[in-house]
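Report on the structure given below.
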Amino acid sequence: MLAEYLGAGSGGRRRTIADPAGLQHFLDTRASRIAQTTLYGYLRTRAGTRYPVLFENDAFVVSINHAKWQMWLACLSDLAVFAGGLLALRSQAGPAAAGATVRRTVEAILERTGTPEDSGPLFTEGATAVLERLSRCDWSAIEDDESEFTASPEALVRHAPIIPELMALDEEIVRNSVRFSWQEVRRELRANLDADRVLGQGD
């Protein structure tokens with residue numbers, strides 16, 4: 001499922017996000033895009049010309065699959081929190097309604113995704129952590145900035161199949177790269193989100 005969304009939203013006609021289904025599609029596809037581009041981009045940069053050869057190693061492929069799903073969960077978590085904060089800021093419905101809508105939306109995404117065969121033993125724990133984070137959010141306190149994008153940089157550092165010595169050298173660059181990758185997604189959500197209609201307050 002995750003791979004089919006690679007590149008979604010990176011071109012073509014913009015669509016207003018005007019209902020929960022539209023929000024669900026946006027969260028899922030953009031989380032997928034950031035997860036894959038940051039993980040594979042980092043591995044490609046680190047491996048250089050040896051990058052294609054790595055995929056001939058079955059153990060490495062297993063590790064990458066585990067990492068990509070952990071990255072997706074982390075990206076979904078970060079983006080969902082940001083989206084909920086934006087809904088709360090923009091809608092007359094209030095923070096509680098915004099939070100409830102985001103939680104239902106993420107629950108639907110996770111239910112549809114299930115437990116992918118290649119996701120590894122930590123996937124269920126990671127999915128639970130996403131929902132727990134949403135349940136703890138003070139939606140009135142979320143700012144329209146990058147401050148909530150904390151899980152995805154941490155996930156790439158933690159789960160990328162890179163030996164610790166190399167990751168120690170790369171960590172700051174890796175974290176900054178993930179943070180930078182979210183800029184366009186935030187701009188896109190700001191430009192296209194109709195908060196009142198998503199929360200059932202509009203025409």
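Following the order of the structure tokens, chains are lettered A, B, ..., residues in each are numbered from 1, and ligands are numbered from 1.
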
Find the residues around Tyr40 (chain A) up to 12 Å (only C-alpha atoms counted), leave out those fewer than 2 positions away in its own chain, and share them as a CSV table (one decimal) with C-alpha atoms, in the first residue's frame.
```
chain,number,residue,atom,x,y,z
A,3,ALA,CA,4.6,2.2,-2.3
A,6,LEU,CA,5.1,7.5,-3.8
A,32,SER,CA,4.1,7.7,2.4
A,33,ARG,CA,5.9,10.1,0.2
A,34,ILE,CA,8.1,11.6,2.9
A,35,ALA,CA,8.8,8.2,4.4
A,36,GLN,CA,10.1,6.7,1.2
A,37,THR,CA,11.9,9.7,-0.2
A,38,THR,CA,13.8,10.4,3.0
A,42,TYR,CA,19.5,8.8,2.5
A,43,LEU,CA,20.5,5.2,1.7
A,44,ARG,CA,21.2,6.1,-1.9
A,45,THR,CA,23.4,9.0,-0.8
A,46,ARG,CA,25.3,6.9,1.8
A,47,ALA,CA,25.8,3.9,-0.5
A,48,GLY,CA,26.7,5.8,-3.7
A,51,TYR,CA,23.2,1.3,-3.8
A,52,PRO,CA,21.7,-1.1,-6.4
A,54,LEU,CA,22.5,-3.6,-1.6
A,55,PHE,CA,19.1,-4.9,-2.8
A,61,VAL,CA,15.9,-5.8,2.0
A,64,ILE,CA,14.7,-1.7,4.7
A,65,ASN,CA,11.1,-2.9,4.7
A,67,ALA,CA,12.4,0.8,8.4
A,68,LYS,CA,10.1,2.1,5.7
A,71,MET,CA,9.1,5.8,8.9
A,156,LEU,CA,15.0,7.7,10.3
A,160,ALA,CA,17.6,3.2,8.9
A,161,PRO,CA,19.8,0.1,8.2
A,162,ILE,CA,23.1,1.9,8.7
A,174,VAL,CA,19.7,13.2,8.5
A,178,VAL,CA,13.7,15.1,7.1
```

When you draw a straight line from CA of Gln183 (chain A) to CA of Ile17 (chain A), how long is it in Å? 18.0 Å

Can you list, as a PyMOL selection string, all residues belonging to region 61-150 of chain A that DSSP tags as helix (DSSP H, G or I)? chain A and resi 61-90+95-113+123-136+139-141

Any chance you can output those residues with C-alpha atoms as a PDB file, in the first residue's frame?
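File again-v9.pdb, as written:
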```pdb
ATOM      1  CA  VAL A  61      15.881  -5.794   2.025  1.00  0.00           C
ATOM      2  CA  VAL A  62      14.105  -7.074   5.127  1.00  0.00           C
ATOM      3  CA  SER A  63      15.696  -4.303   7.193  1.00  0.00           C
ATOM      4  CA  ILE A  64      14.665  -1.663   4.670  1.00  0.00           C
ATOM      5  CA  ASN A  65      11.078  -2.891   4.668  1.00  0.00           C
ATOM      6  CA  HIS A  66      10.932  -2.706   8.445  1.00  0.00           C
ATOM      7  CA  ALA A  67      12.437   0.784   8.357  1.00  0.00           C
ATOM      8  CA  LYS A  68      10.077   2.120   5.704  1.00  0.00           C
ATOM      9  CA  TRP A  69       7.007   1.151   7.719  1.00  0.00           C
ATOM     10  CA  GLN A  70       8.416   2.661  10.905  1.00  0.00           C
ATOM     11  CA  MET A  71       9.112   5.830   8.929  1.00  0.00           C
ATOM     12  CA  TRP A  72       5.564   5.828   7.571  1.00  0.00           C
ATOM     13  CA  LEU A  73       4.091   5.547  11.053  1.00  0.00           C
ATOM     14  CA  ALA A  74       6.305   8.362  12.309  1.00  0.00           C
ATOM     15  CA  CYS A  75       5.464  10.553   9.324  1.00  0.00           C
ATOM     16  CA  LEU A  76       1.760   9.863   9.771  1.00  0.00           C
ATOM     17  CA  SER A  77       2.062  10.792  13.436  1.00  0.00           C
ATOM     18  CA  ASP A  78       3.817  14.112  12.776  1.00  0.00           C
ATOM     19  CA  LEU A  79       1.552  15.151   9.938  1.00  0.00           C
ATOM     20  CA  ALA A  80      -1.626  14.186  11.791  1.00  0.00           C
ATOM     21  CA  VAL A  81      -0.677  16.345  14.763  1.00  0.00           C
ATOM     22  CA  PHE A  82       0.111  19.295  12.499  1.00  0.00           C
ATOM     23  CA  ALA A  83      -3.158  18.831  10.582  1.00  0.00           C
ATOM     24  CA  GLY A  84      -5.164  18.655  13.791  1.00  0.00           C
ATOM     25  CA  GLY A  85      -3.577  21.852  15.015  1.00  0.00           C
ATOM     26  CA  LEU A  86      -4.351  23.579  11.725  1.00  0.00           C
ATOM     27  CA  LEU A  87      -7.965  22.427  11.900  1.00  0.00           C
ATOM     28  CA  ALA A  88      -8.229  23.784  15.433  1.00  0.00           C
ATOM     29  CA  LEU A  89      -6.737  27.128  14.409  1.00  0.00           C
ATOM     30  CA  ARG A  90      -8.960  27.587  11.370  1.00  0.00           C
ATOM     31  CA  PRO A  95      -9.964  22.102  19.222  1.00  0.00           C
ATOM     32  CA  ALA A  96     -11.910  19.129  20.592  1.00  0.00           C
ATOM     33  CA  ALA A  97     -13.715  18.567  17.293  1.00  0.00           C
ATOM     34  CA  ALA A  98     -10.454  18.938  15.390  1.00  0.00           C
ATOM     35  CA  GLY A  99      -8.733  16.361  17.567  1.00  0.00           C
ATOM     36  CA  ALA A 100     -11.584  13.891  17.339  1.00  0.00           C
ATOM     37  CA  THR A 101     -11.656  14.150  13.546  1.00  0.00           C
ATOM     38  CA  VAL A 102      -7.928  13.594  13.227  1.00  0.00           C
ATOM     39  CA  ARG A 103      -8.001  10.612  15.569  1.00  0.00           C
ATOM     40  CA  ARG A 104     -10.846   8.988  13.606  1.00  0.00           C
ATOM     41  CA  THR A 105      -9.022   9.690  10.367  1.00  0.00           C
ATOM     42  CA  VAL A 106      -5.789   8.087  11.532  1.00  0.00           C
ATOM     43  CA  GLU A 107      -7.661   5.129  12.997  1.00  0.00           C
ATOM     44  CA  ALA A 108      -9.255   4.576   9.573  1.00  0.00           C
ATOM     45  CA  ILE A 109      -5.862   4.737   7.846  1.00  0.00           C
ATOM     46  CA  LEU A 110      -4.340   2.241  10.252  1.00  0.00           C
ATOM     47  CA  GLU A 111      -7.342  -0.081  10.021  1.00  0.00           C
ATOM     48  CA  ARG A 112      -7.181  -0.080   6.232  1.00  0.00           C
ATOM     49  CA  THR A 113      -3.434  -0.679   6.272  1.00  0.00           C
ATOM     50  CA  PHE A 123       4.755  -2.223  13.563  1.00  0.00           C
ATOM     51  CA  THR A 124       1.846  -2.856  15.934  1.00  0.00           C
ATOM     52  CA  GLU A 125       3.673  -1.147  18.780  1.00  0.00           C
ATOM     53  CA  GLY A 126       4.407   1.811  16.497  1.00  0.00           C
ATOM     54  CA  ALA A 127       0.789   2.093  15.373  1.00  0.00           C
ATOM     55  CA  THR A 128      -0.353   2.108  18.986  1.00  0.00           C
ATOM     56  CA  ALA A 129       2.165   4.852  19.763  1.00  0.00           C
ATOM     57  CA  VAL A 130       0.692   7.023  16.991  1.00  0.00           C
ATOM     58  CA  LEU A 131      -2.791   6.783  18.498  1.00  0.00           C
ATOM     59  CA  GLU A 132      -1.485   7.382  22.004  1.00  0.00           C
ATOM     60  CA  ARG A 133       0.282  10.536  20.849  1.00  0.00           C
ATOM     61  CA  LEU A 134      -2.934  11.832  19.326  1.00  0.00           C
ATOM     62  CA  SER A 135      -4.865  11.077  22.505  1.00  0.00           C
ATOM     63  CA  ARG A 136      -2.419  13.193  24.522  1.00  0.00           C
ATOM     64  CA  TRP A 139      -5.006  20.668  20.108  1.00  0.00           C
ATOM     65  CA  SER A 140      -5.330  24.290  21.125  1.00  0.00           C
ATOM     66  CA  ALA A 141      -1.570  24.480  21.701  1.00  0.00           C
TER      67      ALA A 141
END
```

Hey, which of A:Ala31, A:Val157, A:Thr16, A:Val185 ends up closest to Glu172 (chain A)? Count only C-alpha atoms. A:Val157

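Minimum atom-to-atom distance to Ala93 (chain A), evaluated using only C-alpha atoms, belongs to A:Asp196 out of A:Glu148, A:Asp19, A:Asp196, A:Asp28.
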